[in-house]
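Take a look at the structure below.
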Amino acid sequence: MNQLIRPINNNDQIWGDANAPLELVEYGDYECPYCGRAYPMVKEILRILGSDLRFVFRNFPLSRIHPHAFSAAVAAEAAARQGQFWEMHDILFEHQMTLEKGDILLFAGSLGLDIARFKDDLEQKALIDKVEADFESGIRSGVNRTPTFFINGKKYEGEWSGGQLLPYLMTVLSEVSSTGIA
Amino acid sequence: MLSPGTAAPNFELYATPDQKIKLNELRNRKIILAFYPADWSPVCDDQMSLYNEMGKYFARHNAQLIGISVDSKWSHFAFAEHRKFHFPLLSDFEPKGEVARLYEVYDEGTGECQRALYVIDEKGIIRWNFLSPVGINPGADGILNALEELSTLKTVNQ
């Protein structure tokens, strides 16, 4: 069973309660159609599990087959610098077919981001390094396709496309609650 | 599978429609041999697409990845072009599966290669092997760990 090599930390984009008993980490690619399909499912899971779950999105762009994936990942990280990571993350997944540079700038505009600063951040090595570090942590953790999920540090090997993730998370939640180990 | 410490058997296979590669002409770098069942199949597709992103990580260890299956050179050509692969796919096509048999990773039942990995060092010695269940993409973490161990050993020996 593969373990998440790099635990959740301050460099991560984290949604939800820091003390939540469940941790879901997704390694994803904004141009990957499977990740696009998983996106509304994950959103629904976040809504249902509420404060029981925190969610982390790490970048795993497969750049050779998805030529816009890396720049989209950097764009989300650049939006994070203006406090709008999740807003950009959502827009990117909702517009997977239009991820050219011009589209990304339009998305940034629609979020009311400071465009000059956003454009500048898109070129920042620190953000490029962040995306690469996410990718490498995924490789080391045994990520072998996108999306790959880790639940409380363990790789989820099951299927997710038929809605299996939520019941699985609920099972883990009940186990964690009954043993008191978060 | 052949054990670590064994000399990697030499072979010569088509890498493109008109060009063959000989293993023993690839000395002075490490070789990762990735045997896989079939072009175009879902798991192989994921696995090879992942390795396609790994070029710079393998290069840090002076390693080159090579895929091998029993598919024809023309199937490989189309598969590699469609997926934009930046590493060679060798065609173990005639006699079918001869190299896979040599490396003890031929599946007689399906007539395909098993999903198996070998890391071969600069001197042509097998240093690591891994057999994955056929339906499971082994990812790249095992390969990287093996390459790192080899680099550490080398540093210690110097």
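Starting from 1 in every chain, residues are counted up; chains themselves are A, B, ... following the order of the structure tokens, and ligands are numbered from 1 as listed.
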Item checked: Surrounding residues of region 56-68 of chain A excluding itself and chain neighbours under 6 positions, 7 Å, only C-alpha atoms, as JSON, numbers by chain -> {"A": [12, 13, 14, 15, 24, 25, 26, 27, 28, 29, 31, 99, 100, 131, 134, 135], "B": [53, 83, 84]}
If you run DSSP on the backbone, which residues of chain B are strand (DSSP E), as an mmCIF file with C-alpha atoms, in the first residue's frame?
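Dumped everything to selection_30.cif:
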```cif
data_model
loop_
_atom_site.group_PDB
_atom_site.id
_atom_site.type_symbol
_atom_site.label_atom_id
_atom_site.label_comp_id
_atom_site.auth_asym_id
_atom_site.auth_seq_id
_atom_site.Cartn_x
_atom_site.Cartn_y
_atom_site.Cartn_z
ATOM 1 C CA GLU B 12 18.476 -6.360 -31.034
ATOM 2 C CA LEU B 13 14.960 -5.069 -31.760
ATOM 3 C CA TYR B 14 13.262 -2.506 -33.947
ATOM 4 C CA ALA B 15 12.855 0.873 -32.223
ATOM 5 C CA THR B 16 11.438 2.627 -35.280
ATOM 6 C CA GLN B 19 16.012 1.276 -37.116
ATOM 7 C CA LYS B 20 17.110 -1.392 -34.668
ATOM 8 C CA ILE B 21 18.624 -0.921 -31.225
ATOM 9 C CA LYS B 22 21.116 -3.293 -29.617
ATOM 10 C CA LYS B 30 21.591 2.878 -16.976
ATOM 11 C CA ILE B 31 18.691 1.312 -18.818
ATOM 12 C CA ILE B 32 15.205 0.888 -17.466
ATOM 13 C CA LEU B 33 13.466 -1.886 -19.391
ATOM 14 C CA ALA B 34 9.697 -1.672 -19.088
ATOM 15 C CA PHE B 35 7.986 -4.754 -20.485
ATOM 16 C CA ALA B 63 19.175 6.449 -16.988
ATOM 17 C CA GLN B 64 17.170 5.893 -20.155
ATOM 18 C CA LEU B 65 13.776 4.229 -20.208
ATOM 19 C CA ILE B 66 12.844 1.776 -22.966
ATOM 20 C CA GLY B 67 9.428 0.171 -23.405
ATOM 21 C CA ILE B 68 9.060 -3.335 -24.872
ATOM 22 C CA SER B 69 5.986 -5.211 -26.021
ATOM 23 C CA LEU B 89 9.321 1.442 -27.794
ATOM 24 C CA LEU B 90 10.894 -1.806 -28.933
ATOM 25 C CA SER B 91 9.039 -4.391 -30.931
ATOM 26 C CA TYR B 106 6.590 -13.760 -21.317
ATOM 27 C CA ASP B 107 2.996 -14.723 -20.595
ATOM 28 C CA GLU B 112 1.970 -10.858 -24.353
ATOM 29 C CA CYS B 113 4.743 -9.551 -22.142
ATOM 30 C CA ARG B 115 4.141 -6.009 -16.786
ATOM 31 C CA ALA B 116 7.721 -6.103 -15.594
ATOM 32 C CA LEU B 117 10.556 -3.699 -14.901
ATOM 33 C CA TYR B 118 14.327 -4.127 -14.929
ATOM 34 C CA VAL B 119 17.023 -1.600 -14.069
ATOM 35 C CA ILE B 120 20.345 -2.389 -15.761
ATOM 36 C CA ILE B 126 20.710 -6.252 -13.835
ATOM 37 C CA ARG B 127 20.443 -4.407 -10.528
ATOM 38 C CA TRP B 128 16.701 -4.382 -9.799
ATOM 39 C CA ASN B 129 13.588 -6.111 -11.027
ATOM 40 C CA PHE B 130 9.886 -5.855 -10.378
ATOM 41 C CA LEU B 131 6.896 -7.835 -11.594
ATOM 42 C CA SER B 132 3.599 -6.003 -11.343
#
```
Note to self: Quick one: residues within 12 Å of Glu148 (chain B), only C-alpha atoms, excluding same-chain residues fewer than 2 positions away - as a PyMOL selection string?
What the structure shows: (chain A and resi 140) or (chain B and resi 30+57-63+119+127-128+141-146+150-155)
Selected residues written out, N, CA and C atoms, as a short mmCIF file (atom, residue, chain, number, x, y, z; two decimals), in the first residue's frame:
```cif
data_model
loop_
_atom_site.label_atom_id
_atom_site.label_comp_id
_atom_site.auth_asym_id
_atom_site.auth_seq_id
_atom_site.Cartn_x
_atom_site.Cartn_y
_atom_site.Cartn_z
N ARG A 140 6.90 10.05 -6.03
CA ARG A 140 7.49 9.32 -4.92
C ARG A 140 6.45 8.58 -4.10
N LYS B 30 22.49 3.91 -17.51
CA LYS B 30 21.59 2.88 -16.98
C LYS B 30 20.39 2.75 -17.91
N TYR B 57 13.81 13.15 -14.56
CA TYR B 57 14.11 12.46 -13.30
C TYR B 57 15.03 11.27 -13.56
N PHE B 58 14.78 10.56 -14.67
CA PHE B 58 15.65 9.44 -15.02
C PHE B 58 17.03 9.96 -15.44
N ALA B 59 17.03 11.08 -16.17
CA ALA B 59 18.31 11.63 -16.66
C ALA B 59 19.23 12.03 -15.50
N ARG B 60 18.67 12.46 -14.39
CA ARG B 60 19.49 12.80 -13.21
C ARG B 60 20.34 11.63 -12.77
N HIS B 61 19.86 10.43 -13.07
CA HIS B 61 20.59 9.22 -12.68
C HIS B 61 21.25 8.59 -13.90
N ASN B 62 21.39 9.35 -14.96
CA ASN B 62 21.99 8.84 -16.18
C ASN B 62 21.28 7.58 -16.67
N ALA B 63 19.96 7.63 -16.61
CA ALA B 63 19.17 6.45 -16.99
C ALA B 63 18.24 6.77 -18.15
N VAL B 119 16.03 -2.68 -13.98
CA VAL B 119 17.02 -1.60 -14.07
C VAL B 119 18.38 -2.27 -14.29
N ARG B 127 20.29 -4.81 -11.93
CA ARG B 127 20.44 -4.41 -10.53
C ARG B 127 19.13 -4.40 -9.77
N TRP B 128 18.01 -4.43 -10.48
CA TRP B 128 16.70 -4.38 -9.80
C TRP B 128 15.67 -4.97 -10.75
N ASP B 141 7.81 5.09 -8.64
CA ASP B 141 8.51 5.26 -7.37
C ASP B 141 9.55 4.15 -7.15
N GLY B 142 9.20 2.91 -7.54
CA GLY B 142 10.14 1.81 -7.37
C GLY B 142 11.40 2.00 -8.21
N ILE B 143 11.20 2.48 -9.44
CA ILE B 143 12.35 2.72 -10.33
C ILE B 143 13.26 3.79 -9.72
N LEU B 144 12.64 4.88 -9.26
CA LEU B 144 13.45 5.98 -8.70
C LEU B 144 14.20 5.53 -7.45
N ASN B 145 13.55 4.75 -6.61
CA ASN B 145 14.23 4.25 -5.42
C ASN B 145 15.43 3.39 -5.81
N ALA B 146 15.23 2.54 -6.82
CA ALA B 146 16.32 1.66 -7.27
C ALA B 146 17.48 2.49 -7.83
N LEU B 150 21.38 2.85 -6.35
CA LEU B 150 22.59 2.62 -7.17
C LEU B 150 23.51 3.83 -7.09
N SER B 151 22.95 5.03 -7.13
CA SER B 151 23.78 6.24 -7.05
C SER B 151 24.46 6.32 -5.69
N THR B 152 23.76 5.95 -4.64
CA THR B 152 24.34 5.99 -3.29
C THR B 152 25.48 5.00 -3.18
N LEU B 153 25.25 3.80 -3.70
CA LEU B 153 26.30 2.76 -3.67
C LEU B 153 27.55 3.25 -4.35
N LYS B 154 27.36 3.87 -5.49
CA LYS B 154 28.48 4.35 -6.29
C LYS B 154 29.28 5.38 -5.50
N THR B 155 28.55 6.29 -4.82
CA THR B 155 29.21 7.34 -4.04
C THR B 155 30.02 6.70 -2.91
#
```
Next item on the list: Using only C-alpha atoms, select each residue of chain A with any atom at most 6 Å away from an atom of chain B, and give the selection as a list in words.
Entry: Ile139, Arg140, Gly142, Asn144 and Arg145 of chain A
Filtering to N, CA and C atoms, could you give me those residues as a compact mmCIF listing (two decimals), in the first residue's frame?
```txt
# COMPACT_ATOMS: atom_id res chain seq x y z
N ILE A 139 5.04 11.37 -7.68
CA ILE A 139 5.81 10.24 -8.19
C ILE A 139 6.32 9.38 -7.04
N ARG A 140 6.90 10.05 -6.03
CA ARG A 140 7.49 9.32 -4.92
C ARG A 140 6.45 8.58 -4.10
N GLY A 142 3.90 7.13 -5.43
CA GLY A 142 3.29 6.06 -6.23
C GLY A 142 2.09 6.49 -7.06
N ASN A 144 0.16 7.01 -10.15
CA ASN A 144 0.40 6.38 -11.45
C ASN A 144 -0.63 6.78 -12.50
N ARG A 145 -1.57 7.65 -12.13
CA ARG A 145 -2.53 8.17 -13.10
C ARG A 145 -3.21 9.34 -12.43
```
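Coordinates place CA of Pro167 (chain A) at a distance of 24.0 Å from CA of Gly135 (chain B).
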Margin query: I want to know what sits within 8 Å of Cys32 (chain A), based on only C-alpha atoms, with residues of the same chain fewer than 2 positions away left out; could you give that as a list of chain:residue names?
Written below: A:Gly28, A:Asp29, A:Tyr30, A:Tyr34, A:Cys35, A:Gly36, A:His66, A:Ala69, A:Gln96, A:Thr146
Same residues, N, CA and C atoms, output as a PDB file, in the first residue's frame:
```pdb
ATOM      1  N   GLY A  28      -3.899  15.923  -9.236  1.00  0.00           N
ATOM      2  CA  GLY A  28      -4.709  16.127 -10.420  1.00  0.00           C
ATOM      3  C   GLY A  28      -4.065  17.022 -11.468  1.00  0.00           C
ATOM      4  N   ASP A  29      -4.696  17.030 -12.622  1.00  0.00           N
ATOM      5  CA  ASP A  29      -4.192  17.708 -13.812  1.00  0.00           C
ATOM      6  C   ASP A  29      -5.403  18.453 -14.408  1.00  0.00           C
ATOM      7  N   TYR A  30      -5.280  19.775 -14.574  1.00  0.00           N
ATOM      8  CA  TYR A  30      -6.443  20.566 -14.991  1.00  0.00           C
ATOM      9  C   TYR A  30      -6.920  20.248 -16.406  1.00  0.00           C
ATOM     10  N   TYR A  34     -10.437  12.892 -16.915  1.00  0.00           N
ATOM     11  CA  TYR A  34     -10.879  12.119 -15.739  1.00  0.00           C
ATOM     12  C   TYR A  34     -10.936  13.020 -14.503  1.00  0.00           C
ATOM     13  N   CYS A  35      -9.940  13.913 -14.394  1.00  0.00           N
ATOM     14  CA  CYS A  35      -9.958  14.853 -13.268  1.00  0.00           C
ATOM     15  C   CYS A  35     -11.165  15.783 -13.396  1.00  0.00           C
ATOM     16  N   GLY A  36     -11.481  16.137 -14.637  1.00  0.00           N
ATOM     17  CA  GLY A  36     -12.650  16.968 -14.881  1.00  0.00           C
ATOM     18  C   GLY A  36     -13.929  16.282 -14.422  1.00  0.00           C
ATOM     19  N   HIS A  66      -0.900  16.740 -22.172  1.00  0.00           N
ATOM     20  CA  HIS A  66      -1.788  17.870 -21.895  1.00  0.00           C
ATOM     21  C   HIS A  66      -0.973  19.160 -21.896  1.00  0.00           C
ATOM     22  N   ALA A  69      -1.630  21.878 -19.241  1.00  0.00           N
ATOM     23  CA  ALA A  69      -1.824  21.474 -17.841  1.00  0.00           C
ATOM     24  C   ALA A  69      -0.858  22.172 -16.894  1.00  0.00           C
ATOM     25  N   GLN A  96     -12.161  23.172 -19.098  1.00  0.00           N
ATOM     26  CA  GLN A  96     -10.982  22.379 -19.458  1.00  0.00           C
ATOM     27  C   GLN A  96     -10.596  22.472 -20.929  1.00  0.00           C
ATOM     28  N   THR A 146      -3.994  10.081 -13.210  1.00  0.00           N
ATOM     29  CA  THR A 146      -4.744  11.169 -12.590  1.00  0.00           C
ATOM     30  C   THR A 146      -6.226  10.933 -12.821  1.00  0.00           C
TER      31      THR A 146
END
```
Next item on the list: List the neighbours of Glu122 (chain B) out to 6 Å using only C-alpha atoms; skip same-chain residues closer than 2 positions along the sequence, and give me the result as a PyMOL selection string.
Entry: chain B and resi 27-30+124
